[in-house]
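A.B. asks: Here it is: the structure, laid out below.
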There are 2 protein chains.
Amino acid sequence: VNVSELGEFALIERLAKVIDAPAPEGLIVGIGDDAAVWRTGDSLAMATTDTLVEGVHFLPGLTPWRDLGWKALAVNVSDIAAMGGAPLFALVTLAAPRQTDIAHCDELYAGLGECAREYGVTIAGGDIVRASEFSITVALIGRAEMCDGKPLLLRRDCARAGDEIAVTGCLGDSAAGLLRLKDGTPTTDSLVQAHLRPHPPLQAAQEAARLGVVCGIDISDGLTQDLGHVCQRSNLGADVRADALPISEALRSSFPEKALSLACTGGEDYQMLFTGPSDIIERLRSAAISPVTVIGKMTSAGERRAGVFDAAGEEIRFESWGWDHLRT
Amino acid sequence: VNVSELGEFALIERLAKVIDAPAPEGLIVGIGDDAAVWRTGDSLAMATTDTLVEGVHFLPGLTPWRDLGWKALAVNVSDIAAMGGAPLFALVTLAAPRQTDIAHCDELYAGLGECAREYGVTIAGGDIVRASEFSITVALIGRAEMCDGKPLLLRRDCARAGDEIAVTGCLGDSAAGLLRLKDGTPTTDSLVQAHLRPHPPLQAAQEAARLGVVCGIDISDGLTQDLGHVCQRSNLGADVRADALPISEALRSSFPEKALSLACTGGEDYQMLFTGPSDIIERLRSAAISPVTVIGKMTSAGERRAGVFDAAGEEIRFESWGWDHLRT
């Protein structure tokens, strides 16, 4: 059996079993969420890592190096946000072929620096290695607050039946932007920008945690797949109403027929998904740090997966289910 | 200009300038040492990352997967040890081609688990991505102790003129083991084992910090190069006595003519180098947690580099200067 047959998520489960070590006392969240979390003195530390590989996560020759730098850090900020935390320090690993132009590295790091300033992150170290293809790995360390001795965290396994499902921003713009980028659309296009320069709603996520939201995930692999992770980890189903999904005018007008499918399975939005009681979700909407849209409900019935339904209550099936790094 | 012309260390310096952000209040050690260190409440947190790339850091088909897993974590433990810290939590990123055999991943993770148990590390998360060549990246987070409000850290920039230079264990075995591995020597050979399964002297490094040693580095790229980093960061020179170097019987008998050069420039020993006043070094030697050998002295004169001298006081020049990831 090879890794592409098994798929990314089954491989993670399998490897967690191979390692098979008891969790130490201070560990609060281990393998299987957006970031690991452990107690450190009176507060919580968290850490996450994400890699962008040339030809897999970005298009050589099409993705500007500066945008690549921004995105390499932003996708990690998104994981820290998805736990309700604040990012602090980043380690950056560059794997580069010998012939890599130093001007490209300069641009890449300039973009990293821009994202670091935007989110209050300090780049504190890293590694540089030779490789045959270019990739950039960021490990990001953050912290979360405690309140009355309880960790203010967002987790995948804390949804409850009846919870409303809410998302920030618009969905599908990034996937549409990728299609346009491949078609030669200039990088100034708003959809292309959504793809190249994701802005994870860090403050909204932290506000959600403070308001009492306990379940959240970032939408990185596509809505149905990421919401599916919440379903599996919380042992629930999820009903999403297609007509409630926040889809931008730009996406609707550019891809009228594909808009819904891109919003549900497109991936790389780096928006946040929360679930919670309606009063808490309403308070989060009122706080208005980012636009928040209620798109459906968590359910106790049926399979542990997310279904998307039309106005008549019929389930809409999509060709793809979302992004799997090893299968796609 | 491409990155191989610039070289790894000049590239790190250049990129640190491109990012050009002011260090935040809590940061104690940033880019340029073995690990980043920052204050977190009453203690210190530290983080480091290292990548092993197929064909660059390990030999496909020759390096057993289980040993690769061990080493991927051990080289990071070495960096935390080199700061005087204790490793706690690791994030593991696997970049794997689609056709990677899942049995190899199992072995890799078994080796990771062995090293994690040996050093008290919890593997708390990571990432899995598709790539055209196999690589493994570990980010390791640790902590260091404070004593009377002062951080107990080992740094590269704290050597003083007149300090004795001491190293743990033996030097050159790993590089010799790599040569033997390439020649088809079985992996049970002691030199090959030194290459495949480095055991960073974590306890000795922590004891050194407790005894008052303030300057240290791990020997990963070769003695002269790593000691050279101490020279540059501390603005000093270093005189090493060739006849004082700890060289194993196995190395001497297997490579009588190359032994000295392998010990000075071989790389991947993952032993520790300390500098400090002779009384503190003597106390560390007496503590006898690991064998510690005095090999020379830090000097204020001359260039900021390490020189190796024979019994007659003549400097010995080596063909290679040590390992540069981008140039070699």
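Following the order of the structure tokens, first chain is A, next is B, and so on, with residues numbered from 1 inside each chain and ligands from 1 in the order they appear.
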Taking only C-alpha atoms into account, which residues of chain A are within 7 Å of chain B, as number ranges by chain?

C.D. replies: A: 1-4, 8, 15, 18-19, 30-31, 35-36, 41, 48-50, 53, 91, 98-102, 106, 109-110, 113, 124-131, 139, 325-326

A.B. asks: Produce a file of the selected residues containing N, CA and C atoms, as a short mmCIF file (atom, residue, chain, number, x, y, z; two decimals), in the first residue's frame.

C.D. replies:
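Okay, result38.cif is ready:
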data_model
loop_
_atom_site.label_atom_id
_atom_site.label_comp_id
_atom_site.auth_asym_id
_atom_site.auth_seq_id
_atom_site.Cartn_x
_atom_site.Cartn_y
_atom_site.Cartn_z
N VAL A 1 0.85 -1.20 0.00
CA VAL A 1 0.00 0.00 0.00
C VAL A 1 0.88 1.24 0.00
N ASN A 2 0.58 2.22 -0.85
CA ASN A 2 1.35 3.46 -0.80
C ASN A 2 0.50 4.59 -0.20
N VAL A 3 1.15 5.70 0.08
CA VAL A 3 0.50 6.75 0.87
C VAL A 3 -0.66 7.41 0.12
N SER A 4 -0.61 7.44 -1.22
CA SER A 4 -1.70 8.09 -1.95
C SER A 4 -2.97 7.23 -1.92
N GLU A 8 -4.27 11.30 3.07
CA GLU A 8 -3.63 12.10 4.11
C GLU A 8 -4.18 11.82 5.51
N LEU A 15 -0.24 6.93 11.74
CA LEU A 15 1.05 7.28 12.31
C LEU A 15 0.92 7.62 13.79
N VAL A 18 1.20 4.37 15.44
CA VAL A 18 2.56 3.82 15.44
C VAL A 18 3.37 4.44 16.56
N ILE A 19 3.24 5.76 16.73
CA ILE A 19 4.01 6.45 17.77
C ILE A 19 3.53 5.99 19.14
N GLY A 30 -3.58 17.20 21.24
CA GLY A 30 -2.47 16.59 20.50
C GLY A 30 -2.79 16.45 19.03
N ILE A 31 -2.28 15.39 18.40
CA ILE A 31 -2.48 15.15 16.97
C ILE A 31 -3.97 15.12 16.63
N ALA A 35 -3.94 22.78 15.78
CA ALA A 35 -2.66 23.04 16.44
C ALA A 35 -2.60 22.22 17.72
N ALA A 36 -1.39 21.94 18.18
CA ALA A 36 -1.20 21.27 19.46
C ALA A 36 -1.24 22.33 20.56
N GLY A 41 2.97 26.98 32.68
CA GLY A 41 2.73 27.89 33.78
C GLY A 41 1.24 28.18 33.87
N THR A 48 1.81 24.94 15.57
CA THR A 48 1.30 24.32 14.35
C THR A 48 2.36 24.45 13.26
N THR A 49 2.23 23.65 12.21
CA THR A 49 3.16 23.78 11.10
C THR A 49 2.46 23.44 9.80
N ASP A 50 2.83 24.15 8.73
CA ASP A 50 2.27 23.93 7.41
C ASP A 50 3.34 24.19 6.35
N VAL A 53 4.49 23.43 -1.07
CA VAL A 53 5.44 22.79 -2.00
C VAL A 53 5.17 23.29 -3.42
N LEU A 91 9.18 29.85 12.98
CA LEU A 91 10.42 29.31 12.43
C LEU A 91 10.16 29.03 10.95
N ARG A 98 19.74 24.53 -5.72
CA ARG A 98 20.96 25.34 -5.78
C ARG A 98 20.82 26.58 -6.64
N GLN A 99 20.09 26.44 -7.76
CA GLN A 99 20.06 27.54 -8.73
C GLN A 99 19.00 28.60 -8.41
N THR A 100 18.33 28.47 -7.25
CA THR A 100 17.30 29.46 -6.88
C THR A 100 17.89 30.87 -6.87
N ASP A 101 17.23 31.78 -7.56
CA ASP A 101 17.69 33.17 -7.63
C ASP A 101 17.51 33.83 -6.26
N ILE A 102 18.56 34.45 -5.80
CA ILE A 102 18.52 35.10 -4.49
C ILE A 102 17.48 36.21 -4.44
N ASP A 106 14.66 37.00 -1.57
CA ASP A 106 14.42 38.33 -0.99
C ASP A 106 12.94 38.67 -1.01
N TYR A 109 10.90 36.53 1.45
CA TYR A 109 11.05 36.96 2.84
C TYR A 109 10.39 38.31 3.08
N ALA A 110 10.36 39.16 2.06
CA ALA A 110 9.65 40.43 2.20
C ALA A 110 8.16 40.17 2.45
N GLY A 113 7.67 38.91 5.89
CA GLY A 113 7.77 40.03 6.82
C GLY A 113 6.48 40.84 6.86
N ALA A 124 11.72 34.04 14.25
CA ALA A 124 12.77 33.92 15.25
C ALA A 124 13.83 32.89 14.89
N GLY A 125 13.67 32.22 13.75
CA GLY A 125 14.67 31.23 13.37
C GLY A 125 14.17 30.38 12.23
N GLY A 126 14.88 29.28 11.97
CA GLY A 126 14.47 28.40 10.90
C GLY A 126 15.62 27.54 10.41
N ASP A 127 15.51 27.11 9.18
CA ASP A 127 16.50 26.23 8.60
C ASP A 127 16.50 26.47 7.09
N ILE A 128 17.66 26.29 6.47
CA ILE A 128 17.74 26.39 5.00
C ILE A 128 18.41 25.12 4.51
N VAL A 129 17.75 24.40 3.61
CA VAL A 129 18.33 23.16 3.10
C VAL A 129 18.23 23.12 1.58
N ARG A 130 19.10 22.34 1.00
CA ARG A 130 19.06 22.12 -0.44
C ARG A 130 18.04 21.04 -0.74
N ALA A 131 17.30 21.21 -1.84
CA ALA A 131 16.32 20.21 -2.25
C ALA A 131 16.16 20.34 -3.76
N ALA A 139 6.75 26.83 11.05
CA ALA A 139 6.22 26.35 12.33
C ALA A 139 5.90 27.60 13.13
N HIS A 325 -4.05 16.08 0.42
CA HIS A 325 -2.71 16.38 -0.09
C HIS A 325 -2.07 15.21 -0.79
N LEU A 326 -2.42 14.01 -0.40
CA LEU A 326 -1.73 12.86 -0.97
C LEU A 326 -2.49 12.28 -2.15
#

A.B. asks: Identify, on the basis of only C-alpha atoms, every residue whose closest approach to range 185-190 of chain B does not exceed 9 Å; exclude the query and any residue fewer than 6 positions from it along the same chain; express the result as a PDB file with all heavy atoms, in the first residue's frame.

C.D. replies:
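Dumped to result-v8.pdb:
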ATOM      1  N   LEU B  62      19.842   3.210   1.449  1.00  0.00           N
ATOM      2  CA  LEU B  62      20.910   2.819   2.375  1.00  0.00           C
ATOM      3  C   LEU B  62      20.553   3.144   3.830  1.00  0.00           C
ATOM      4  O   LEU B  62      20.904   2.402   4.734  1.00  0.00           O
ATOM      5  CB  LEU B  62      22.215   3.520   2.013  1.00  0.00           C
ATOM      6  CG  LEU B  62      22.990   2.950   0.823  1.00  0.00           C
ATOM      7  CD1 LEU B  62      24.287   3.728   0.620  1.00  0.00           C
ATOM      8  CD2 LEU B  62      23.309   1.466   1.035  1.00  0.00           C
ATOM      9  N   THR B  63      19.887   4.272   4.049  1.00  0.00           N
ATOM     10  CA  THR B  63      19.510   4.652   5.404  1.00  0.00           C
ATOM     11  C   THR B  63      18.221   3.934   5.790  1.00  0.00           C
ATOM     12  O   THR B  63      17.192   4.145   5.161  1.00  0.00           O
ATOM     13  CB  THR B  63      19.272   6.182   5.482  1.00  0.00           C
ATOM     14  OG1 THR B  63      20.412   6.863   4.986  1.00  0.00           O
ATOM     15  CG2 THR B  63      18.985   6.615   6.911  1.00  0.00           C
ATOM     16  N   PRO B  64      18.255   3.074   6.822  1.00  0.00           N
ATOM     17  CA  PRO B  64      17.006   2.419   7.247  1.00  0.00           C
ATOM     18  C   PRO B  64      15.987   3.473   7.692  1.00  0.00           C
ATOM     19  O   PRO B  64      16.345   4.457   8.337  1.00  0.00           O
ATOM     20  CB  PRO B  64      17.455   1.549   8.423  1.00  0.00           C
ATOM     21  CG  PRO B  64      18.926   1.361   8.244  1.00  0.00           C
ATOM     22  CD  PRO B  64      19.412   2.620   7.602  1.00  0.00           C
ATOM     23  N   ASP B 173      33.247  10.161  14.146  1.00  0.00           N
ATOM     24  CA  ASP B 173      32.672   8.817  13.962  1.00  0.00           C
ATOM     25  C   ASP B 173      31.524   8.832  12.950  1.00  0.00           C
ATOM     26  O   ASP B 173      31.397   7.915  12.128  1.00  0.00           O
ATOM     27  CB  ASP B 173      32.137   8.268  15.293  1.00  0.00           C
ATOM     28  CG  ASP B 173      33.255   7.770  16.195  1.00  0.00           C
ATOM     29  OD1 ASP B 173      34.434   7.867  15.786  1.00  0.00           O
ATOM     30  OD2 ASP B 173      32.953   7.293  17.307  1.00  0.00           O
ATOM     31  N   GLY B 177      31.247   6.828   9.605  1.00  0.00           N
ATOM     32  CA  GLY B 177      30.139   5.890   9.435  1.00  0.00           C
ATOM     33  C   GLY B 177      29.436   6.085   8.107  1.00  0.00           C
ATOM     34  O   GLY B 177      29.011   5.114   7.462  1.00  0.00           O
ATOM     35  N   LEU B 179      30.850   7.173   5.335  1.00  0.00           N
ATOM     36  CA  LEU B 179      31.730   6.574   4.315  1.00  0.00           C
ATOM     37  C   LEU B 179      31.548   5.060   4.276  1.00  0.00           C
ATOM     38  O   LEU B 179      31.464   4.460   3.206  1.00  0.00           O
ATOM     39  CB  LEU B 179      33.196   6.913   4.611  1.00  0.00           C
ATOM     40  CG  LEU B 179      33.589   8.388   4.468  1.00  0.00           C
ATOM     41  CD1 LEU B 179      35.037   8.598   4.901  1.00  0.00           C
ATOM     42  CD2 LEU B 179      33.388   8.863   3.029  1.00  0.00           C
ATOM     43  N   LEU B 196      23.978   6.836  11.960  1.00  0.00           N
ATOM     44  CA  LEU B 196      22.533   6.653  11.814  1.00  0.00           C
ATOM     45  C   LEU B 196      21.746   7.032  13.067  1.00  0.00           C
ATOM     46  O   LEU B 196      20.606   7.456  12.982  1.00  0.00           O
ATOM     47  CB  LEU B 196      22.221   5.193  11.454  1.00  0.00           C
ATOM     48  CG  LEU B 196      22.709   4.698  10.090  1.00  0.00           C
ATOM     49  CD1 LEU B 196      22.454   3.197   9.968  1.00  0.00           C
ATOM     50  CD2 LEU B 196      22.020   5.450   8.960  1.00  0.00           C
ATOM     51  N   ALA B 250      37.896   3.086  17.039  1.00  0.00           N
ATOM     52  CA  ALA B 250      37.276   2.584  15.812  1.00  0.00           C
ATOM     53  C   ALA B 250      37.618   3.489  14.629  1.00  0.00           C
ATOM     54  O   ALA B 250      37.943   3.019  13.534  1.00  0.00           O
ATOM     55  CB  ALA B 250      35.757   2.494  15.981  1.00  0.00           C
TER      56      ALA B 250
END

A.B. asks: Residues of range 63-311 of chain A classed as alpha helix (DSSP H) by DSSP on the backbone are to be reported as a ChimeraX atom specification.

C.D. replies: /A:65-81,102-119,173-182,190-196,202-211,223-234,249-254,259-265,278-287

A.B. asks: Just want the 6 Å neighbourhood of range 284-295 of chain A, counted on only C-alpha atoms, with same-chain residues fewer than 6 positions away dropped. Output as a CSV table (one decimal) with N, CA and C atoms, in the first residue's frame.

C.D. replies:
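The resulting file, part37.csv, is reproduced below:
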chain,number,residue,atom,x,y,z
A,165,ILE,N,-24.1,26.6,12.8
A,165,ILE,CA,-22.8,26.6,12.1
A,165,ILE,C,-22.7,28.0,11.4
A,166,ALA,N,-21.6,28.6,11.7
A,166,ALA,CA,-21.3,30.0,11.2
A,166,ALA,C,-19.9,30.1,10.6
A,167,VAL,N,-19.8,30.9,9.5
A,167,VAL,CA,-18.5,31.1,8.9
A,167,VAL,C,-18.2,32.5,8.7
A,168,THR,N,-17.0,32.9,8.7
A,168,THR,CA,-16.6,34.3,8.5
A,168,THR,C,-16.4,34.5,7.0
A,169,GLY,N,-16.5,35.7,6.5
A,169,GLY,CA,-16.2,36.1,5.2
A,169,GLY,C,-17.0,35.4,4.1
A,204,ALA,N,-11.5,37.9,14.9
A,204,ALA,CA,-12.9,37.3,15.1
A,204,ALA,C,-12.8,36.0,15.8
A,240,VAL,N,-26.0,21.9,6.0
A,240,VAL,CA,-25.7,23.2,5.5
A,240,VAL,C,-26.7,23.6,4.4
A,241,ARG,N,-27.3,24.8,4.5
A,241,ARG,CA,-28.2,25.3,3.6
A,241,ARG,C,-27.5,26.1,2.5
A,244,ALA,N,-27.8,29.8,2.1
A,244,ALA,CA,-27.3,30.6,3.1
A,244,ALA,C,-25.8,30.9,3.0
A,245,LEU,N,-25.2,30.2,2.1
A,245,LEU,CA,-23.7,30.4,2.0
A,245,LEU,C,-23.3,31.7,1.5

A.B. asks: Might you pull out every residue within 10 Å of Leu202 in chain B, with only C-alpha atoms counted and same-chain residues fewer than 4 positions away left off, and present them as an mmCIF file with N, CA and C atoms, in the first residue's frame?

C.D. replies:
data_model
loop_
_atom_site.group_PDB
_atom_site.id
_atom_site.type_symbol
_atom_site.label_atom_id
_atom_site.label_comp_id
_atom_site.auth_asym_id
_atom_site.auth_seq_id
_atom_site.Cartn_x
_atom_site.Cartn_y
_atom_site.Cartn_z
ATOM 1 N N VAL B 77 16.739 17.620 18.913
ATOM 2 C CA VAL B 77 17.074 17.533 20.338
ATOM 3 C C VAL B 77 18.454 18.144 20.560
ATOM 4 N N SER B 78 19.355 17.897 19.603
ATOM 5 C CA SER B 78 20.707 18.431 19.694
ATOM 6 C C SER B 78 20.698 19.965 19.740
ATOM 7 N N ASP B 79 19.830 20.582 18.952
ATOM 8 C CA ASP B 79 19.745 22.050 18.948
ATOM 9 C C ASP B 79 19.189 22.602 20.252
ATOM 10 N N ILE B 80 18.217 21.901 20.823
ATOM 11 C CA ILE B 80 17.668 22.335 22.119
ATOM 12 C C ILE B 80 18.723 22.140 23.209
ATOM 13 N N ALA B 81 19.432 21.007 23.159
ATOM 14 C CA ALA B 81 20.523 20.758 24.107
ATOM 15 C C ALA B 81 21.571 21.860 23.994
ATOM 16 N N ALA B 82 21.848 22.272 22.758
ATOM 17 C CA ALA B 82 22.893 23.272 22.511
ATOM 18 C C ALA B 82 22.552 24.627 23.125
ATOM 19 N N MET B 83 21.291 24.828 23.500
ATOM 20 C CA MET B 83 20.895 26.059 24.199
ATOM 21 C C MET B 83 20.772 25.820 25.700
ATOM 22 N N GLY B 84 21.013 24.586 26.138
ATOM 23 C CA GLY B 84 20.882 24.279 27.564
ATOM 24 C C GLY B 84 19.459 23.948 27.988
ATOM 25 N N GLY B 85 18.582 23.698 27.033
ATOM 26 C CA GLY B 85 17.167 23.489 27.338
ATOM 27 C C GLY B 85 16.757 22.038 27.414
ATOM 28 N N ALA B 86 15.475 21.828 27.693
ATOM 29 C CA ALA B 86 14.864 20.497 27.712
ATOM 30 C C ALA B 86 13.806 20.444 26.618
ATOM 31 N N PRO B 87 13.842 19.434 25.758
ATOM 32 C CA PRO B 87 12.839 19.337 24.691
ATOM 33 C C PRO B 87 11.510 18.843 25.242
ATOM 34 N N TYR B 119 14.179 10.809 24.858
ATOM 35 C CA TYR B 119 14.449 12.183 25.301
ATOM 36 C C TYR B 119 13.239 12.867 25.940
ATOM 37 N N GLN B 206 22.567 20.268 29.820
ATOM 38 C CA GLN B 206 21.785 20.912 30.878
ATOM 39 C C GLN B 206 22.632 21.098 32.136
ATOM 40 N N GLU B 207 23.468 20.078 32.429
ATOM 41 C CA GLU B 207 24.363 20.176 33.587
ATOM 42 C C GLU B 207 25.352 21.327 33.372
ATOM 43 N N ALA B 208 25.849 21.475 32.163
ATOM 44 C CA ALA B 208 26.781 22.567 31.867
ATOM 45 C C ALA B 208 26.131 23.913 32.172
ATOM 46 N N GLN B 271 27.603 16.036 18.921
ATOM 47 C CA GLN B 271 28.171 16.209 20.248
ATOM 48 C C GLN B 271 28.045 17.683 20.604
ATOM 49 N N MET B 272 28.377 18.031 21.846
ATOM 50 C CA MET B 272 28.305 19.421 22.286
ATOM 51 C C MET B 272 29.694 20.012 22.402
ATOM 52 N N ILE B 289 28.780 13.139 33.408
ATOM 53 C CA ILE B 289 27.533 12.678 32.802
ATOM 54 C C ILE B 289 27.829 12.129 31.408
ATOM 55 N N SER B 290 28.690 12.829 30.694
ATOM 56 C CA SER B 290 29.243 12.329 29.432
ATOM 57 C C SER B 290 30.736 12.627 29.478
#

A.B. asks: So how many Å separate CA of Val192 in chain B and CA of Ile136 in chain B, to one decimal?

C.D. replies: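 About the pair CA of Val192 in chain B and CA of Ile136 in chain B: they are 20.7 Å apart.
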
A.B. asks: Would you mind listing what lies within 12 Å of Leu191 in chain B as a list of chain:residue names, with only C-alpha atoms counted and same-chain residues fewer than 4 positions away left out?

C.D. replies: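 With the cut-off at 12 Å, the set is B:Cys170, B:Leu171, B:Gly172, B:Asp173, B:Ser174, B:Ala175, B:Ala176, B:Gly177, B:Leu178, B:Leu179, B:Arg180, B:Leu181, B:Thr185, B:Pro186, B:Thr187, B:His195, B:Leu196, B:Arg197, B:Pro198, B:Ile247, B:Ser248, B:Glu249, B:Ala250, B:Leu251, B:Arg252, B:Ser253, B:Ser254, B:Phe255, B:Asp269.
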
A.B. asks: Work out how far apart CA of Arg233 in chain A and CA of Ala10 in chain A are and give it in Å to one decimal.

C.D. replies: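 Rounded to one decimal, the two atoms are 13.7 Å apart.
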
A.B. asks: What gap, in Å, lies between CA of Lys182 in chain B and CA of Phe58 in chain B?

C.D. replies: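 Separation between CA of Lys182 in chain B and CA of Phe58 in chain B: 10.8 Å.
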
A.B. asks: Do a neighbour search on range 299-309 of chain B at 7 Å with only C-alpha atoms, toss out local chain neighbours closer than 5 positions, and write the hits as a list in words.

C.D. replies: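 Listed by chain and then number, they are Ala161, Gly162, Thr224, Leu227, Gly228, Cys231, Gln232, Asn235, Leu236, Gly237, Ala238, Asp239, Val240, Arg241, Ala242, Glu314, Glu315 and Ile316 of chain B.
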
A.B. asks: Could you save the residues just selected, with all heavy atoms, as a short mmCIF file (atom, residue, chain, number, x, y, z; two decimals), in the first residue's frame?

C.D. replies:
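Final output, saved to result25.cif:
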data_model
loop_
_atom_site.label_atom_id
_atom_site.label_comp_id
_atom_site.auth_asym_id
_atom_site.auth_seq_id
_atom_site.Cartn_x
_atom_site.Cartn_y
_atom_site.Cartn_z
N ALA B 161 37.71 35.46 25.75
CA ALA B 161 39.12 35.13 25.49
C ALA B 161 39.68 34.42 26.72
O ALA B 161 39.42 34.83 27.85
CB ALA B 161 39.90 36.40 25.20
N GLY B 162 40.41 33.31 26.49
CA GLY B 162 40.97 32.54 27.59
C GLY B 162 40.08 31.38 28.00
O GLY B 162 40.53 30.48 28.71
N THR B 224 35.36 22.55 13.07
CA THR B 224 35.96 23.86 12.74
C THR B 224 34.88 24.86 12.33
O THR B 224 34.96 26.03 12.66
CB THR B 224 37.02 23.74 11.63
OG1 THR B 224 36.48 22.96 10.56
CG2 THR B 224 38.28 23.08 12.14
N LEU B 227 32.67 25.65 15.65
CA LEU B 227 33.47 26.50 16.53
C LEU B 227 33.69 27.85 15.86
O LEU B 227 33.74 28.89 16.54
CB LEU B 227 34.80 25.80 16.83
CG LEU B 227 35.79 26.50 17.76
CD1 LEU B 227 35.14 26.94 19.07
CD2 LEU B 227 37.01 25.61 18.03
N GLY B 228 33.78 27.85 14.54
CA GLY B 228 33.88 29.11 13.79
C GLY B 228 32.68 30.02 14.02
O GLY B 228 32.81 31.24 14.10
N CYS B 231 33.26 31.69 17.20
CA CYS B 231 34.26 32.74 17.00
C CYS B 231 33.63 34.00 16.42
O CYS B 231 33.84 35.12 16.92
CB CYS B 231 35.36 32.26 16.05
SG CYS B 231 36.40 30.97 16.75
N GLN B 232 32.84 33.82 15.37
CA GLN B 232 32.24 34.98 14.71
C GLN B 232 31.26 35.70 15.62
O GLN B 232 31.27 36.92 15.71
CB GLN B 232 31.54 34.53 13.42
CG GLN B 232 32.52 34.32 12.27
CD GLN B 232 31.96 33.41 11.20
OE1 GLN B 232 30.78 33.46 10.91
NE2 GLN B 232 32.81 32.58 10.63
N ASN B 235 33.20 37.22 18.49
CA ASN B 235 34.28 38.11 18.05
C ASN B 235 35.64 37.70 18.63
O ASN B 235 36.39 38.53 19.14
CB ASN B 235 33.94 39.55 18.44
CG ASN B 235 34.64 40.56 17.55
OD1 ASN B 235 35.13 40.20 16.47
ND2 ASN B 235 34.71 41.80 18.00
N LEU B 236 35.93 36.40 18.52
CA LEU B 236 37.17 35.85 19.05
C LEU B 236 37.76 34.85 18.05
O LEU B 236 37.10 34.50 17.07
CB LEU B 236 36.91 35.11 20.37
CG LEU B 236 36.44 35.92 21.57
CD1 LEU B 236 36.03 35.00 22.70
CD2 LEU B 236 37.54 36.89 22.02
N GLY B 237 38.98 34.42 18.32
CA GLY B 237 39.56 33.30 17.59
C GLY B 237 39.53 32.06 18.46
O GLY B 237 39.18 32.13 19.65
N ALA B 238 39.91 30.90 17.88
CA ALA B 238 39.95 29.67 18.66
C ALA B 238 41.15 28.84 18.20
O ALA B 238 41.34 28.64 17.01
CB ALA B 238 38.67 28.88 18.49
N ASP B 239 41.95 28.37 19.17
CA ASP B 239 43.08 27.49 18.88
C ASP B 239 42.75 26.09 19.38
O ASP B 239 42.55 25.89 20.58
CB ASP B 239 44.35 27.97 19.58
CG ASP B 239 44.89 29.27 18.96
OD1 ASP B 239 44.33 29.70 17.92
OD2 ASP B 239 45.83 29.83 19.53
N VAL B 240 42.71 25.15 18.46
CA VAL B 240 42.42 23.76 18.82
C VAL B 240 43.72 22.96 18.68
O VAL B 240 44.44 23.11 17.71
CB VAL B 240 41.32 23.18 17.91
CG1 VAL B 240 41.17 21.68 18.13
CG2 VAL B 240 40.00 23.91 18.14
N ARG B 241 44.00 22.11 19.70
CA ARG B 241 45.20 21.23 19.63
C ARG B 241 44.78 19.88 19.05
O ARG B 241 44.00 19.14 19.65
CB ARG B 241 45.78 21.02 21.02
CG ARG B 241 46.25 22.31 21.70
CD ARG B 241 47.05 22.01 22.96
NE ARG B 241 46.41 20.99 23.80
CZ ARG B 241 45.49 21.25 24.73
NH1 ARG B 241 45.08 22.50 24.95
NH2 ARG B 241 44.98 20.27 25.44
N ALA B 242 45.35 19.58 17.88
CA ALA B 242 44.97 18.34 17.19
C ALA B 242 45.16 17.12 18.09
O ALA B 242 44.31 16.22 18.10
CB ALA B 242 45.79 18.19 15.91
N GLU B 314 52.22 24.21 14.37
CA GLU B 314 51.90 24.54 12.98
C GLU B 314 50.41 24.32 12.73
O GLU B 314 49.85 23.31 13.15
CB GLU B 314 52.69 23.63 12.02
CG GLU B 314 54.17 23.93 11.96
CD GLU B 314 54.45 25.31 11.39
OE1 GLU B 314 53.86 25.66 10.35
OE2 GLU B 314 55.23 26.06 12.03
N GLU B 315 49.79 25.24 12.00
CA GLU B 315 48.37 25.06 11.72
C GLU B 315 48.17 23.99 10.65
O GLU B 315 48.89 23.93 9.65
CB GLU B 315 47.72 26.36 11.24
CG GLU B 315 46.23 26.16 10.99
CD GLU B 315 45.42 27.44 10.89
OE1 GLU B 315 45.99 28.53 11.00
OE2 GLU B 315 44.20 27.32 10.68
N ILE B 316 47.19 23.13 10.88
CA ILE B 316 46.85 22.07 9.93
C ILE B 316 45.67 22.57 9.09
O ILE B 316 44.66 23.00 9.63
CB ILE B 316 46.44 20.78 10.68
CG1 ILE B 316 47.56 20.35 11.63
CG2 ILE B 316 46.10 19.66 9.70
CD1 ILE B 316 47.15 19.28 12.64
#
